[in-house]
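Peer 1: Input structure: final.txt, which contains compact mmCIF, C-alpha atoms.
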```txt
# COMPACT_ATOMS: atom_id res chain seq x y z
CA MET A 17 0.21 19.50 18.47
CA SER A 18 0.90 18.13 15.06
CA LEU A 19 -0.15 19.16 11.60
CA LEU A 20 -1.19 16.83 8.84
CA ALA A 21 0.78 18.09 5.86
CA ARG A 22 1.42 16.73 2.40
CA PRO A 23 5.03 16.79 1.07
CA ALA A 24 5.52 18.31 -2.39
CA ARG A 25 5.86 15.71 -5.14
CA ARG A 26 7.79 17.86 -7.56
CA ARG A 27 10.22 20.78 -7.51
CA ALA A 28 8.51 24.14 -7.99
CA VAL A 29 10.12 26.68 -10.33
CA GLY A 30 10.09 30.31 -9.21
CA LEU A 31 8.13 31.98 -6.43
CA LEU A 32 4.69 31.65 -8.03
CA GLY A 33 5.35 28.04 -9.02
CA ALA A 34 6.39 27.22 -5.47
CA LEU A 35 3.27 28.83 -4.05
CA VAL A 36 1.01 26.98 -6.50
CA ALA A 37 2.70 23.74 -5.44
CA VAL A 38 1.91 24.60 -1.81
CA VAL A 39 -1.75 25.08 -2.70
CA ALA A 40 -1.84 21.75 -4.52
CA THR A 41 -0.26 19.89 -1.65
CA TRP A 42 -1.88 21.53 1.36
CA THR A 43 -5.49 21.89 0.29
CA VAL A 44 -6.03 18.13 0.42
CA ALA A 45 -5.13 17.94 4.07
CA ALA A 46 -6.42 20.49 6.53
CA PRO A 47 -4.47 21.08 9.77
CA ALA A 48 -5.30 18.44 12.34
CA GLN A 49 -4.38 17.45 15.85
CA ALA A 50 -2.55 14.16 16.36
CA ASP A 51 -5.67 12.72 17.98
CA ASP A 52 -7.51 13.24 14.69
CA MET A 53 -5.47 10.69 12.77
CA ARG A 54 -8.13 7.99 13.00
CA GLU A 55 -10.63 10.42 11.50
CA ARG A 56 -8.22 11.01 8.63
CA GLN A 57 -8.04 7.30 7.82
CA TRP A 58 -10.92 7.27 5.35
CA TYR A 59 -9.99 3.81 4.10
CA LEU A 60 -10.54 2.17 7.50
CA ASP A 61 -14.13 3.37 7.48
CA ALA A 62 -14.53 2.28 3.87
CA MET A 63 -13.26 -1.18 4.80
CA ARG A 64 -15.53 -1.34 7.89
CA ALA A 65 -12.46 -1.79 10.06
CA ASP A 66 -14.21 -1.30 13.40
CA GLU A 67 -16.47 -4.23 12.57
CA LEU A 68 -13.59 -6.31 11.22
CA TRP A 69 -11.61 -5.91 14.43
CA LYS A 70 -14.41 -7.54 16.39
CA VAL A 71 -13.72 -10.67 14.35
CA ALA A 72 -9.93 -10.49 13.87
CA THR A 73 -7.03 -8.13 14.46
CA GLY A 74 -4.10 -9.90 12.84
CA LYS A 75 -3.04 -11.45 16.12
CA GLY A 76 -0.72 -14.41 15.70
CA VAL A 77 0.52 -13.34 12.27
CA THR A 78 3.96 -11.84 11.61
CA VAL A 79 4.34 -9.40 8.72
CA ALA A 80 7.87 -8.74 7.46
CA VAL A 81 8.43 -5.18 6.24
CA LEU A 82 11.35 -5.12 3.81
CA ASP A 83 12.15 -1.45 3.64
CA THR A 84 14.25 1.35 5.16
CA GLY A 85 13.93 -0.01 8.67
CA VAL A 86 11.23 0.39 11.31
CA ASP A 87 11.35 2.83 14.22
CA SER A 88 9.93 0.86 17.13
CA THR A 89 9.97 3.92 19.41
CA VAL A 90 6.98 5.65 17.80
CA SER A 91 3.83 5.29 19.89
CA GLU A 92 1.88 3.28 17.30
CA LEU A 93 4.51 0.53 17.19
CA ARG A 94 5.51 0.11 20.83
CA GLY A 95 5.64 -3.58 21.71
CA LYS A 96 4.83 -4.63 18.14
CA VAL A 97 8.25 -4.81 16.50
CA LEU A 98 10.30 -8.01 16.66
CA PRO A 99 14.09 -8.14 16.42
CA GLY A 100 15.04 -7.86 12.77
CA HIS A 101 18.05 -7.67 10.53
CA ASN A 102 19.90 -5.01 8.55
CA PHE A 103 20.95 -6.19 5.10
CA SER A 104 22.06 -2.74 3.96
CA ASP A 105 25.17 -0.89 5.06
CA ALA A 106 23.18 2.24 5.84
CA GLY A 107 24.39 2.21 9.43
CA GLY A 108 23.02 0.93 12.70
CA GLY A 109 23.80 -2.74 12.27
CA PRO A 110 21.37 -5.62 12.81
CA GLY A 111 20.72 -4.69 16.42
CA ARG A 112 19.63 -1.18 15.48
CA VAL A 113 17.45 -1.94 12.50
CA ASP A 114 14.30 -0.86 14.30
CA GLU A 115 15.69 2.51 15.40
CA LYS A 116 17.41 3.75 12.26
CA ASP A 117 14.78 4.80 9.78
CA ASP A 118 15.63 8.37 8.91
CA GLU A 119 13.40 8.25 5.83
CA ARG A 120 10.34 7.05 7.81
CA HIS A 121 9.22 5.01 4.81
CA GLY A 122 9.57 1.60 6.44
CA THR A 123 8.12 2.96 9.67
CA ASN A 124 5.04 4.23 7.89
CA MET A 125 4.56 0.92 6.11
CA ALA A 126 4.72 -0.88 9.46
CA ILE A 127 2.25 1.58 10.98
CA ALA A 128 -0.15 1.11 8.05
CA VAL A 129 -0.05 -2.64 8.70
CA ALA A 130 -0.11 -2.88 12.48
CA GLY A 131 -0.24 0.57 14.06
CA SER A 132 -2.08 0.65 17.40
CA GLY A 133 -3.37 4.22 17.10
CA ALA A 134 -1.83 4.96 20.51
CA ASP A 135 -1.64 8.62 21.55
CA GLY A 136 -3.99 9.56 18.75
CA GLY A 137 -1.70 8.20 16.05
CA VAL A 138 -2.35 6.13 12.97
CA LYS A 139 -4.05 2.77 13.32
CA GLY A 140 -3.10 -0.15 11.11
CA ILE A 141 -5.53 -2.39 9.29
CA ALA A 142 -4.23 -5.34 11.36
CA PRO A 143 -3.41 -3.80 14.76
CA GLY A 144 -2.85 -7.18 16.37
CA ALA A 145 -0.14 -8.29 13.95
CA ARG A 146 3.59 -8.28 14.72
CA ILE A 147 6.19 -6.58 12.53
CA LEU A 148 9.49 -8.18 11.54
CA PRO A 149 11.72 -5.31 10.34
CA VAL A 150 14.12 -6.20 7.54
CA LYS A 151 16.24 -3.23 6.56
CA THR A 152 17.14 -3.39 2.90
CA GLY A 153 18.03 0.24 2.28
CA ASP A 154 17.31 2.41 -0.72
CA PHE A 155 17.15 0.35 -3.92
CA ALA A 156 19.01 2.97 -5.94
CA SER A 157 21.95 2.73 -3.55
CA PHE A 158 22.01 -0.96 -2.66
CA GLY A 159 20.32 -2.74 -5.55
CA PRO A 160 18.27 -5.95 -5.25
CA GLY A 161 20.76 -7.94 -3.15
CA PRO A 162 19.48 -6.88 0.29
CA LEU A 163 15.86 -7.43 -0.74
CA ILE A 164 16.59 -10.90 -2.10
CA LYS A 165 18.37 -11.85 1.11
CA GLY A 166 15.58 -10.24 3.10
CA VAL A 167 12.91 -12.46 1.56
CA ARG A 168 14.72 -15.60 2.65
CA TYR A 169 15.46 -14.17 6.10
CA ALA A 170 11.81 -13.20 6.60
CA VAL A 171 10.35 -16.64 5.99
CA ASP A 172 13.13 -18.31 7.99
CA ASN A 173 12.18 -16.09 10.92
CA GLY A 174 8.47 -16.72 11.04
CA ALA A 175 6.95 -14.20 8.65
CA ARG A 176 3.81 -15.47 6.94
CA VAL A 177 3.32 -12.22 5.03
CA ILE A 178 6.11 -10.27 3.30
CA SER A 179 5.47 -6.65 2.34
CA ILE A 180 7.82 -5.03 -0.19
CA SER A 181 7.01 -1.40 -0.99
CA GLY A 182 9.90 -0.93 -3.37
CA GLY A 183 11.98 -2.51 -6.08
CA GLY A 184 13.77 -1.72 -9.30
CA PRO A 185 15.51 -3.08 -12.37
CA ALA A 186 17.52 -6.29 -12.33
CA SER A 187 19.97 -8.09 -14.58
CA GLY A 188 19.35 -11.58 -15.93
CA GLU A 189 21.33 -13.16 -13.12
CA GLU A 190 19.58 -11.02 -10.50
CA ILE A 191 16.18 -11.94 -11.91
CA ALA A 192 17.06 -15.61 -11.49
CA GLN A 193 18.10 -14.91 -7.89
CA TRP A 194 14.88 -13.02 -7.30
CA GLN A 195 12.77 -15.86 -8.63
CA ALA A 196 14.64 -18.40 -6.52
CA ALA A 197 13.94 -16.32 -3.40
CA VAL A 198 10.26 -15.95 -4.31
CA ASP A 199 9.94 -19.68 -4.94
CA TYR A 200 11.66 -20.37 -1.62
CA ALA A 201 9.16 -18.16 0.23
CA LEU A 202 6.18 -19.73 -1.53
CA GLY A 203 7.51 -23.17 -0.69
CA LYS A 204 7.64 -22.14 2.96
CA GLY A 205 3.99 -21.09 2.86
CA ALA A 206 4.36 -17.32 2.80
CA LEU A 207 2.66 -14.59 0.79
CA ILE A 208 4.70 -11.86 -0.93
CA PHE A 209 3.08 -8.50 -1.70
CA ALA A 210 4.92 -5.90 -3.79
CA ALA A 211 4.14 -2.40 -5.03
CA SER A 212 3.51 -1.97 -8.75
CA GLY A 213 5.23 1.44 -8.92
CA ASN A 214 4.28 5.11 -9.14
CA THR A 215 4.96 6.26 -12.71
CA GLY A 216 1.42 5.79 -13.99
CA SER A 217 2.80 3.66 -16.78
CA GLU A 218 2.19 0.24 -18.24
CA SER A 219 5.70 -0.07 -19.60
CA PHE A 220 7.45 0.53 -16.28
CA ARG A 221 8.20 -2.89 -14.80
CA ASP A 222 10.09 -3.37 -11.53
CA TYR A 223 11.33 -6.42 -9.69
CA PRO A 224 10.05 -8.20 -7.70
CA SER A 225 6.58 -6.97 -8.73
CA THR A 226 6.72 -8.59 -12.17
CA LEU A 227 7.83 -12.03 -10.96
CA PRO A 228 5.45 -15.01 -11.03
CA GLY A 229 4.16 -15.73 -7.54
CA VAL A 230 4.44 -12.14 -6.32
CA ILE A 231 1.13 -10.42 -5.50
CA THR A 232 1.48 -7.05 -7.22
CA ILE A 233 -0.61 -4.21 -5.80
CA GLY A 234 -1.96 -1.07 -7.47
CA ALA A 235 -3.36 2.02 -5.75
CA LEU A 236 -6.88 3.47 -5.54
CA ASP A 237 -7.92 6.97 -4.51
CA THR A 238 -10.58 8.07 -2.01
CA LYS A 239 -13.35 7.63 -4.58
CA GLY A 240 -12.32 4.15 -5.62
CA LYS A 241 -10.72 5.30 -8.86
CA VAL A 242 -7.38 4.00 -10.06
CA ALA A 243 -4.78 6.51 -8.85
CA SER A 244 -3.19 8.40 -11.72
CA PHE A 245 0.30 7.43 -10.59
CA SER A 246 -0.39 3.70 -10.17
CA ASP A 247 1.55 1.51 -12.62
CA TYR A 248 -0.50 -1.18 -14.31
CA GLY A 249 -0.26 -4.18 -16.58
CA SER A 250 -0.95 -7.87 -16.86
CA HIS A 251 1.14 -8.59 -13.76
CA LEU A 252 -1.19 -6.61 -11.47
CA ALA A 253 -3.00 -8.83 -8.96
CA LEU A 254 -5.04 -6.60 -6.65
CA ALA A 255 -5.61 -2.96 -5.75
CA ALA A 256 -5.90 -1.18 -2.40
CA PRO A 257 -6.26 2.37 -1.05
CA GLY A 258 -3.13 4.43 -1.64
CA VAL A 259 -4.13 8.12 -1.57
CA GLU A 260 -4.45 10.45 1.43
CA MET A 261 -2.69 7.98 3.68
CA PRO A 262 -1.53 9.60 6.95
CA GLY A 263 1.89 8.75 8.33
CA ARG A 264 4.88 10.17 10.16
CA CYS A 265 6.54 13.00 8.26
CA SER A 266 9.92 12.13 6.74
CA ASN A 267 11.76 14.97 8.45
CA ASP A 268 9.92 15.05 11.77
CA LYS A 269 8.49 11.97 13.44
CA THR A 270 6.39 14.11 15.80
CA ARG A 271 4.27 15.40 12.89
CA TYR A 272 1.96 13.67 10.44
CA CYS A 273 1.88 14.02 6.68
CA ALA A 274 -0.49 12.74 4.01
CA PHE A 275 1.17 10.36 1.54
CA GLU A 276 0.18 8.65 -1.66
CA GLY A 277 1.65 5.70 -3.53
CA THR A 278 1.47 2.01 -4.26
CA SER A 279 3.75 1.63 -1.23
CA HIS A 280 0.89 2.30 1.17
CA ALA A 281 -1.49 0.25 -0.96
CA THR A 282 0.88 -2.70 -0.60
CA ALA A 283 1.04 -2.28 3.16
CA ILE A 284 -2.76 -2.23 3.37
CA ALA A 285 -3.01 -5.37 1.23
CA SER A 286 -0.37 -7.10 3.36
CA GLY A 287 -2.21 -6.17 6.55
CA THR A 288 -5.46 -7.41 5.08
CA ALA A 289 -3.89 -10.82 4.46
CA ALA A 290 -2.74 -10.89 8.08
CA LEU A 291 -6.24 -9.96 9.22
CA ILE A 292 -7.85 -12.80 7.25
CA TRP A 293 -5.16 -15.28 8.29
CA SER A 294 -5.62 -14.51 11.98
CA ALA A 295 -9.31 -15.33 11.64
CA HIS A 296 -8.51 -18.56 9.79
CA PRO A 297 -5.16 -19.76 11.17
CA ASP A 298 -5.63 -23.20 9.67
CA TRP A 299 -5.74 -21.86 6.12
CA THR A 300 -2.68 -22.03 3.88
CA ALA A 301 -1.23 -19.04 2.06
CA ASN A 302 -2.94 -20.25 -1.09
CA GLN A 303 -6.33 -20.22 0.59
CA VAL A 304 -5.87 -16.75 2.05
CA LEU A 305 -4.89 -15.44 -1.38
CA ARG A 306 -7.77 -17.25 -3.07
CA VAL A 307 -10.45 -15.65 -0.90
CA MET A 308 -8.81 -12.24 -1.36
CA MET A 309 -9.02 -12.70 -5.13
CA GLU A 310 -12.53 -14.12 -5.11
CA THR A 311 -14.00 -11.36 -2.97
CA ALA A 312 -12.16 -8.47 -4.61
CA GLY A 313 -14.33 -5.68 -6.00
CA HIS A 314 -14.29 -5.34 -9.79
CA VAL A 315 -16.44 -4.46 -12.76
CA GLY A 316 -16.18 -6.09 -16.16
CA GLU A 317 -13.74 -8.75 -17.21
CA VAL A 318 -11.00 -9.82 -14.84
CA PRO A 319 -8.16 -9.70 -14.51
CA SER A 320 -8.02 -6.02 -15.43
CA LYS A 321 -4.63 -4.54 -16.18
CA TYR A 322 -5.57 -1.62 -13.93
CA ILE A 323 -6.80 -3.38 -10.78
CA GLY A 324 -5.97 -7.05 -11.39
CA TYR A 325 -8.67 -9.18 -9.77
CA GLY A 326 -10.11 -6.16 -8.03
CA SER A 327 -9.94 -4.03 -4.91
CA ILE A 328 -9.43 -5.77 -1.59
CA ARG A 329 -12.61 -6.27 0.49
CA PRO A 330 -11.89 -8.08 3.77
CA ALA A 331 -15.43 -7.46 5.00
CA GLN A 332 -16.68 -9.82 2.32
CA VAL A 333 -14.61 -12.59 3.93
CA LEU A 334 -14.76 -11.81 7.65
CA LEU A 335 -18.23 -10.30 8.00
CA GLU A 336 -20.19 -11.89 5.18
CA GLY A 337 -18.47 -15.26 4.99
CA LYS A 338 -17.83 -15.07 1.25
CA GLY A 339 -14.94 -16.63 -0.63
CA ASN A 340 -14.14 -20.31 -1.02
CA PRO A 341 -10.65 -21.12 0.33
CA GLY A 342 -10.44 -24.09 -2.04
CA ASP A 343 -7.42 -26.32 -2.59
CA PRO A 344 -4.78 -25.59 0.06
CA ASN A 345 -1.97 -26.75 -2.23
CA VAL A 346 -2.74 -24.74 -5.37
CA ASN A 347 -1.57 -21.15 -5.73
CA PRO A 348 -4.58 -19.42 -7.35
CA LEU A 349 -2.55 -16.59 -8.87
CA LEU A 350 -0.02 -18.88 -10.54
CA ALA A 351 -2.80 -21.18 -11.71
CA ALA A 352 -4.72 -18.27 -13.23
CA GLN A 353 -1.60 -16.94 -14.96
CA LYS A 354 -0.90 -20.36 -16.43
CA GLN A 355 -4.50 -20.62 -17.62
CA GLN A 356 -4.28 -17.21 -19.29
CA GLN A 357 -1.08 -18.15 -21.06
CA GLY A 358 -2.68 -21.35 -22.29
CA ALA A 359 -5.73 -19.50 -23.54
CA SER A 360 -3.46 -17.14 -25.48
CA GLN A 361 -5.56 -14.20 -26.59
CA SER A 362 -8.90 -15.79 -25.74
CA PRO A 363 -10.53 -14.10 -22.72
CA THR A 364 -10.98 -16.26 -19.63
CA PRO A 365 -14.67 -16.72 -18.75
CA GLN A 366 -15.58 -14.87 -15.58
CA THR A 367 -18.62 -14.67 -13.37
CA SER A 368 -20.49 -11.42 -13.05
CA PRO A 369 -19.21 -9.18 -10.23
CA SER A 370 -21.29 -8.63 -7.13
CA PRO A 371 -22.03 -5.05 -6.07
CA ASP A 372 -20.60 -3.95 -2.75
CA SER A 373 -22.74 -3.22 0.27
CA THR A 374 -23.42 0.34 -0.89
CA GLY A 375 -25.02 -0.97 -4.08
CA ALA A 376 -22.36 0.63 -6.25
CA SER A 377 -20.87 -1.45 -9.00
CA GLY A 378 -18.12 0.86 -10.26
CA THR A 379 -17.58 2.20 -13.76
CA ASN A 380 -14.89 0.15 -15.40
CA GLY A 381 -15.70 1.04 -18.99
CA PRO A 382 -15.24 -0.89 -22.22
CA ASP A 383 -12.36 1.37 -23.20
CA GLN A 384 -10.09 0.12 -20.43
CA GLU A 385 -7.84 -1.70 -22.89
CA THR A 386 -7.08 1.45 -24.90
CA LYS A 387 -6.72 4.02 -22.16
CA LYS A 388 -6.62 4.21 -18.40
CA PRO A 389 -10.21 4.53 -17.13
CA GLU A 390 -11.35 7.32 -14.86
CA SER A 391 -12.78 4.76 -12.47
CA ALA A 392 -12.13 1.04 -12.30
CA ALA A 393 -13.81 -0.14 -9.12
CA ARG A 394 -14.80 0.96 -5.69
CA PRO A 395 -12.05 0.30 -3.13
CA VAL A 396 -14.12 -1.82 -0.74
CA GLU A 397 -17.48 -0.97 0.80
CA GLY A 398 -17.26 2.69 -0.13
CA GLY A 399 -14.99 5.65 0.50
CA PHE A 400 -15.03 9.40 1.04
CA PRO A 401 -12.55 12.28 0.79
CA LEU A 402 -11.03 14.03 3.80
CA TRP A 403 -12.88 16.87 5.49
CA GLY A 404 -11.71 20.44 5.29
CA ILE A 405 -10.61 20.46 1.66
CA ALA A 406 -12.70 23.42 0.53
CA VAL A 407 -12.02 25.54 3.62
CA SER A 408 -8.33 24.79 3.46
CA ALA A 409 -8.22 25.64 -0.24
CA ILE A 410 -9.78 29.06 0.31
CA ALA A 411 -7.42 29.81 3.18
CA VAL A 412 -4.32 28.77 1.30
CA VAL A 413 -5.30 30.69 -1.85
CA ALA A 414 -5.66 33.80 0.28
CA VAL A 415 -2.18 33.24 1.71
CA VAL A 416 -0.77 32.72 -1.77
CA ILE A 417 -2.24 35.99 -3.05
CA GLY A 418 -0.89 37.84 -0.03
CA VAL A 419 2.60 36.43 -0.40
CA VAL A 420 2.72 37.15 -4.14
CA VAL A 421 1.62 40.76 -3.60
CA ALA A 422 4.12 41.21 -0.78
CA ALA A 423 6.90 39.76 -2.88
CA GLY A 424 6.03 42.11 -5.75
CA ARG A 425 6.15 45.10 -3.43
CA ARG A 426 9.54 44.07 -2.11
CA ASN A 427 10.86 43.70 -5.65
CA ARG A 428 9.59 47.18 -6.62
CA ARG A 429 11.23 48.70 -3.55
CA ALA A 430 14.50 47.02 -4.46
```
Can the structure from this file be put into structure tokens for me?
Peer 2:
Amino acid sequence: MSLLARPARRRAVGLLGALVAVVATWTVAAPAQADDMRERQWYLDAMRADELWKVATGKGVTVAVLDTGVDSTVSELRGKVLPGHNFSDAGGGPGRVDEKDDERHGTNMAIAVAGSGADGGVKGIAPGARILPVKTGDFASFGPGPLIKGVRYAVDNGARVISISGGGPASGEEIAQWQAAVDYALGKGALIFAASGNTGSESFRDYPSTLPGVITIGALDTKGKVASFSDYGSHLALAAPGVEMPGRCSNDKTRYCAFEGTSHATAIASGTAALIWSAHPDWTANQVLRVMMETAGHVGEVPSKYIGYGSIRPAQVLLEGKGNPGDPNVNPLLAAQKQQQGASQSPTPQTSPSPDSTGASGTNGPDQETKKPESAARPVEGGFPLWGIAVSAIAVVAVVIGVVVAAGRRNRRA
């Protein structure tokens, strides 16, 4: 029996502060059995995943997860993880890269992409895809070197999609090395997705997310709003669900926790690319990216610095046949960026957005250039929050009051 818990995002100060933090982190995720994980995956329902999987599952596509490693022993990933490589010196060696993920971050990214849902666990958006684990270690400890090497290794070992849920600063020389690796991957016909970051800032720019050719992903919440923590800017390409994302807890792989971040959003976007590619194996990377951009949900002018070309909507491609794959040899993102640079400050003409299947068009307001909007676009075909929030909130508040009173009594007795 496992509980779905949410890890605290900041250090609480004092007893009352700690208890308030518990309320804030636990009320969004009511206790749940392991076999309830599929019910907790609100974004799969929003993306019409059960219908998508009748058309494609990601089979035949390898997704490289450049991260902290991937634990292939968890039930959701059995038989899905290929031999990988360890480019960090965090222990384990190349032969153990898939069994040495103490942080669970890389494991959760792999599950979000290709999890089978076995034993009531989390199911990935592309459950038929294969995972190539590339252990690059923590960026703060190892810098960009392992990631740069990992990009080249991934494409040389069959990965068509590269998912990077991390990054950081780089020197001039390192930026040149980064760009060379990105160009190498693009030349080999791969797609690179990278997280925008979680500071909620426009000024915070990481590598590789700011490099030309990298598909930078922002995060959306359960209502389709831009997540408050999601970094944004002109380099943003697409957005994907990144709030209330269930995964294996960092300190106990037998339990599940609710996570949020552009990391998960990047994994979902990467898995979506694999899903589309498996349905159209003859398409090039450029064509897969083009249909993702063309069918993305958005309101107002695009690209938006908050959601790029919009929120990913694979159902538009796989179920409704929308999106023109276009020229197989032209990268649509690079072409659009070049066009924008040439147009200087003149806005690029855009077609009017199409409402999603729910009829909602989003509320990306005219003030988006001066402040971050409350809502930028719906995530896909709709979304909904997790069940049990109100009941859990009442229960936890009661516990908080009881603990505070008990603590006060103990202090008086002392």
Peer 1: Take CA of Leu207 in chain A and CA of Trp58 in chain A and report the distance between them in Å, one decimal.
Peer 2: 26.1 Å
Peer 1: When distances are computed from only C-alpha atoms, which of A:Gly166, A:Gly161, A:Gly131, A:Pro99 shows the smallest separation from Leu82 in chain A?
Peer 2: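 Of A:Gly166, A:Gly161, A:Gly131, A:Pro99, the one nearest Leu82 in chain A is A:Gly166, counting only C-alpha atoms.
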Peer 1: Quote the spacing between CA of Ser181 in chain A and CA of Thr278 in chain A in Å to one decimal place.
Peer 2: 7.3 Å
Peer 1: For a quick check of your reading of the model, name the residues lying within 9 Å of the coordinate (-13.1, -20.8, 5.1), counting all atoms listed in the file, and write them as a list in words.
Peer 2: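 Returned residue set, sorted by chain then number, is His296, Trp299, Gln303, Val304, Val307, Val333, Gly337, Lys338, Gly339, Asn340, Pro341 and Gly342 of chain A.
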Peer 1: Choose the residue, out of A:Ala352, A:Leu291, A:Ala256, A:Ala235, that has the smallest atom-to-atom separation from Glu276 in chain A; count only C-alpha atoms.
Peer 2: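 Checking each candidate against Glu276 in chain A, we get A:Ala235 as the closest.
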Peer 1: Show me, as a ChimeraX atom specification, the residues that have an atom within 9 Å of Arg94 in chain A when counting only C-alpha atoms, minus same-chain residues fewer than 3 positions from it.
Peer 2: /A:88-91,97,131-132,134
Peer 1: Between CA of Gly240 in chain A and CA of Val318 in chain A, what is the distance in Å, rounded to a tenth?
Peer 2: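 Here the two named atoms are 16.8 Å from each other.
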Peer 1: List the spatial neighbours of Ile191 in chain A as a list of chain:residue names - criterion: any atom at most 10 Å away, all atoms listed in the file, same-chain residues fewer than 2 positions off excluded.
Peer 2: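 These residues fall inside the cut-off: A:Pro160, A:Ile164, A:Pro185, A:Ala186, A:Ser187, A:Gly188, A:Glu189, A:Gln193, A:Trp194, A:Gln195, A:Ala196, A:Ala197, A:Tyr223, A:Pro224, A:Leu227.
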Peer 1: Please list as a PyMOL selection string every residue within 12 Å of Phe103 in chain A, counting only C-alpha atoms and excluding residues in the same chain fewer than 5 positions away.
Peer 2: chain A and resi 82-85+108-113+149-155+158-170
Peer 1: Nearest to Asp222 in chain A among A:Leu349, A:Cys265, A:Ala301, A:Ile180, with distances taken over all atoms listed in the file: which residue is it?
Peer 2: A:Ile180
Peer 1: Find the residues around Ile208 in chain A up to 10 Å (all atoms listed in the file counted), leave out those fewer than 5 positions away in its own chain, and share them as a PyMOL selection string.
Peer 2: chain A and resi 79-80+167+176-180+198+201-202+224-225+229-232+282+286+301
Peer 1: Excluding Gly133 in chain A and any residue of its chain fewer than 4 positions from it, enumerate the residues within 8 Å of it, using all atoms listed in the file, and give them as a PDB file with C-alpha atoms, in the coordinates of the input.
Peer 2:
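Final output, out-v3.pdb:
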```pdb
ATOM      1  CA  ARG A  54      -8.130   7.990  13.000  1.00  0.00           C
ATOM      2  CA  SER A  91       3.830   5.290  19.890  1.00  0.00           C
ATOM      3  CA  GLU A  92       1.880   3.280  17.300  1.00  0.00           C
ATOM      4  CA  GLY A 137      -1.700   8.200  16.050  1.00  0.00           C
ATOM      5  CA  VAL A 138      -2.350   6.130  12.970  1.00  0.00           C
ATOM      6  CA  LYS A 139      -4.050   2.770  13.320  1.00  0.00           C
ATOM      7  CA  GLY A 140      -3.100  -0.150  11.110  1.00  0.00           C
TER       8      GLY A 140
END
```
Peer 1: Calculated over all atoms listed in the file, which of the candidates A:Ala283, A:Cys273, A:Met125, A:Val242 has the smallest distance to Tyr322 in chain A?
Peer 2: A:Val242
Peer 1: In terms of the shortest atom-to-atom distance over all atoms listed in the file, which of A:Met53, A:Ala62, A:Val81, A:Ala210 is closest to Gly136 in chain A?
Peer 2: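 The closest residue to Gly136 in chain A is A:Met53.
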Peer 1: Write out as AutoDock Vina command-line options an axis-aligned box for range 153-160 of chain A: all of its atoms listed in the file, 5 Å added on each side, centre and edge lengths in Å with one decimal.
Peer 2:
```
--center_x 19.6 --center_y -1.5 --center_z -1.8 --size_x 14.9 --size_y 18.9 --size_z 18.2
```
Peer 1: Would you mind completing range 320-332 of chain A to N, CA and C atoms and writing the output as an mmCIF file, in the coordinates of the input?
Peer 2:
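For reference, selection_39.cif as written:
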```cif
data_model
loop_
_atom_site.group_PDB
_atom_site.id
_atom_site.type_symbol
_atom_site.label_atom_id
_atom_site.label_comp_id
_atom_site.auth_asym_id
_atom_site.auth_seq_id
_atom_site.Cartn_x
_atom_site.Cartn_y
_atom_site.Cartn_z
ATOM 1 N N SER A 320 -8.168 -7.303 -14.757
ATOM 2 C CA SER A 320 -8.020 -6.020 -15.430
ATOM 3 C C SER A 320 -6.567 -5.584 -15.272
ATOM 4 N N LYS A 321 -6.022 -4.984 -16.293
ATOM 5 C CA LYS A 321 -4.630 -4.540 -16.180
ATOM 6 C C LYS A 321 -4.488 -3.336 -15.261
ATOM 7 N N TYR A 322 -5.619 -2.775 -14.822
ATOM 8 C CA TYR A 322 -5.570 -1.620 -13.930
ATOM 9 C C TYR A 322 -5.751 -1.985 -12.463
ATOM 10 N N ILE A 323 -6.554 -3.006 -12.173
ATOM 11 C CA ILE A 323 -6.800 -3.380 -10.780
ATOM 12 C C ILE A 323 -6.638 -4.886 -10.553
ATOM 13 N N GLY A 324 -6.128 -5.607 -11.542
ATOM 14 C CA GLY A 324 -5.970 -7.050 -11.390
ATOM 15 C C GLY A 324 -7.302 -7.736 -11.176
ATOM 16 N N TYR A 325 -7.419 -8.494 -10.088
ATOM 17 C CA TYR A 325 -8.670 -9.180 -9.770
ATOM 18 C C TYR A 325 -9.616 -8.314 -8.968
ATOM 19 N N GLY A 326 -9.211 -7.095 -8.683
ATOM 20 C CA GLY A 326 -10.110 -6.160 -8.030
ATOM 21 C C GLY A 326 -9.530 -5.525 -6.781
ATOM 22 N N SER A 327 -10.347 -4.723 -6.132
ATOM 23 C CA SER A 327 -9.940 -4.030 -4.910
ATOM 24 C C SER A 327 -10.230 -4.908 -3.695
ATOM 25 N N ILE A 328 -9.321 -4.895 -2.751
ATOM 26 C CA ILE A 328 -9.430 -5.770 -1.590
ATOM 27 C C ILE A 328 -10.676 -5.428 -0.763
ATOM 28 N N ARG A 329 -11.382 -6.457 -0.293
ATOM 29 C CA ARG A 329 -12.610 -6.270 0.490
ATOM 30 C C ARG A 329 -12.658 -7.310 1.604
ATOM 31 N N PRO A 330 -11.917 -7.102 2.679
ATOM 32 C CA PRO A 330 -11.890 -8.080 3.770
ATOM 33 C C PRO A 330 -13.238 -8.296 4.434
ATOM 34 N N ALA A 331 -14.117 -7.293 4.385
ATOM 35 C CA ALA A 331 -15.430 -7.460 5.000
ATOM 36 C C ALA A 331 -16.227 -8.569 4.326
ATOM 37 N N GLN A 332 -16.001 -8.760 3.034
ATOM 38 C CA GLN A 332 -16.680 -9.820 2.320
ATOM 39 C C GLN A 332 -16.321 -11.194 2.910
#
```
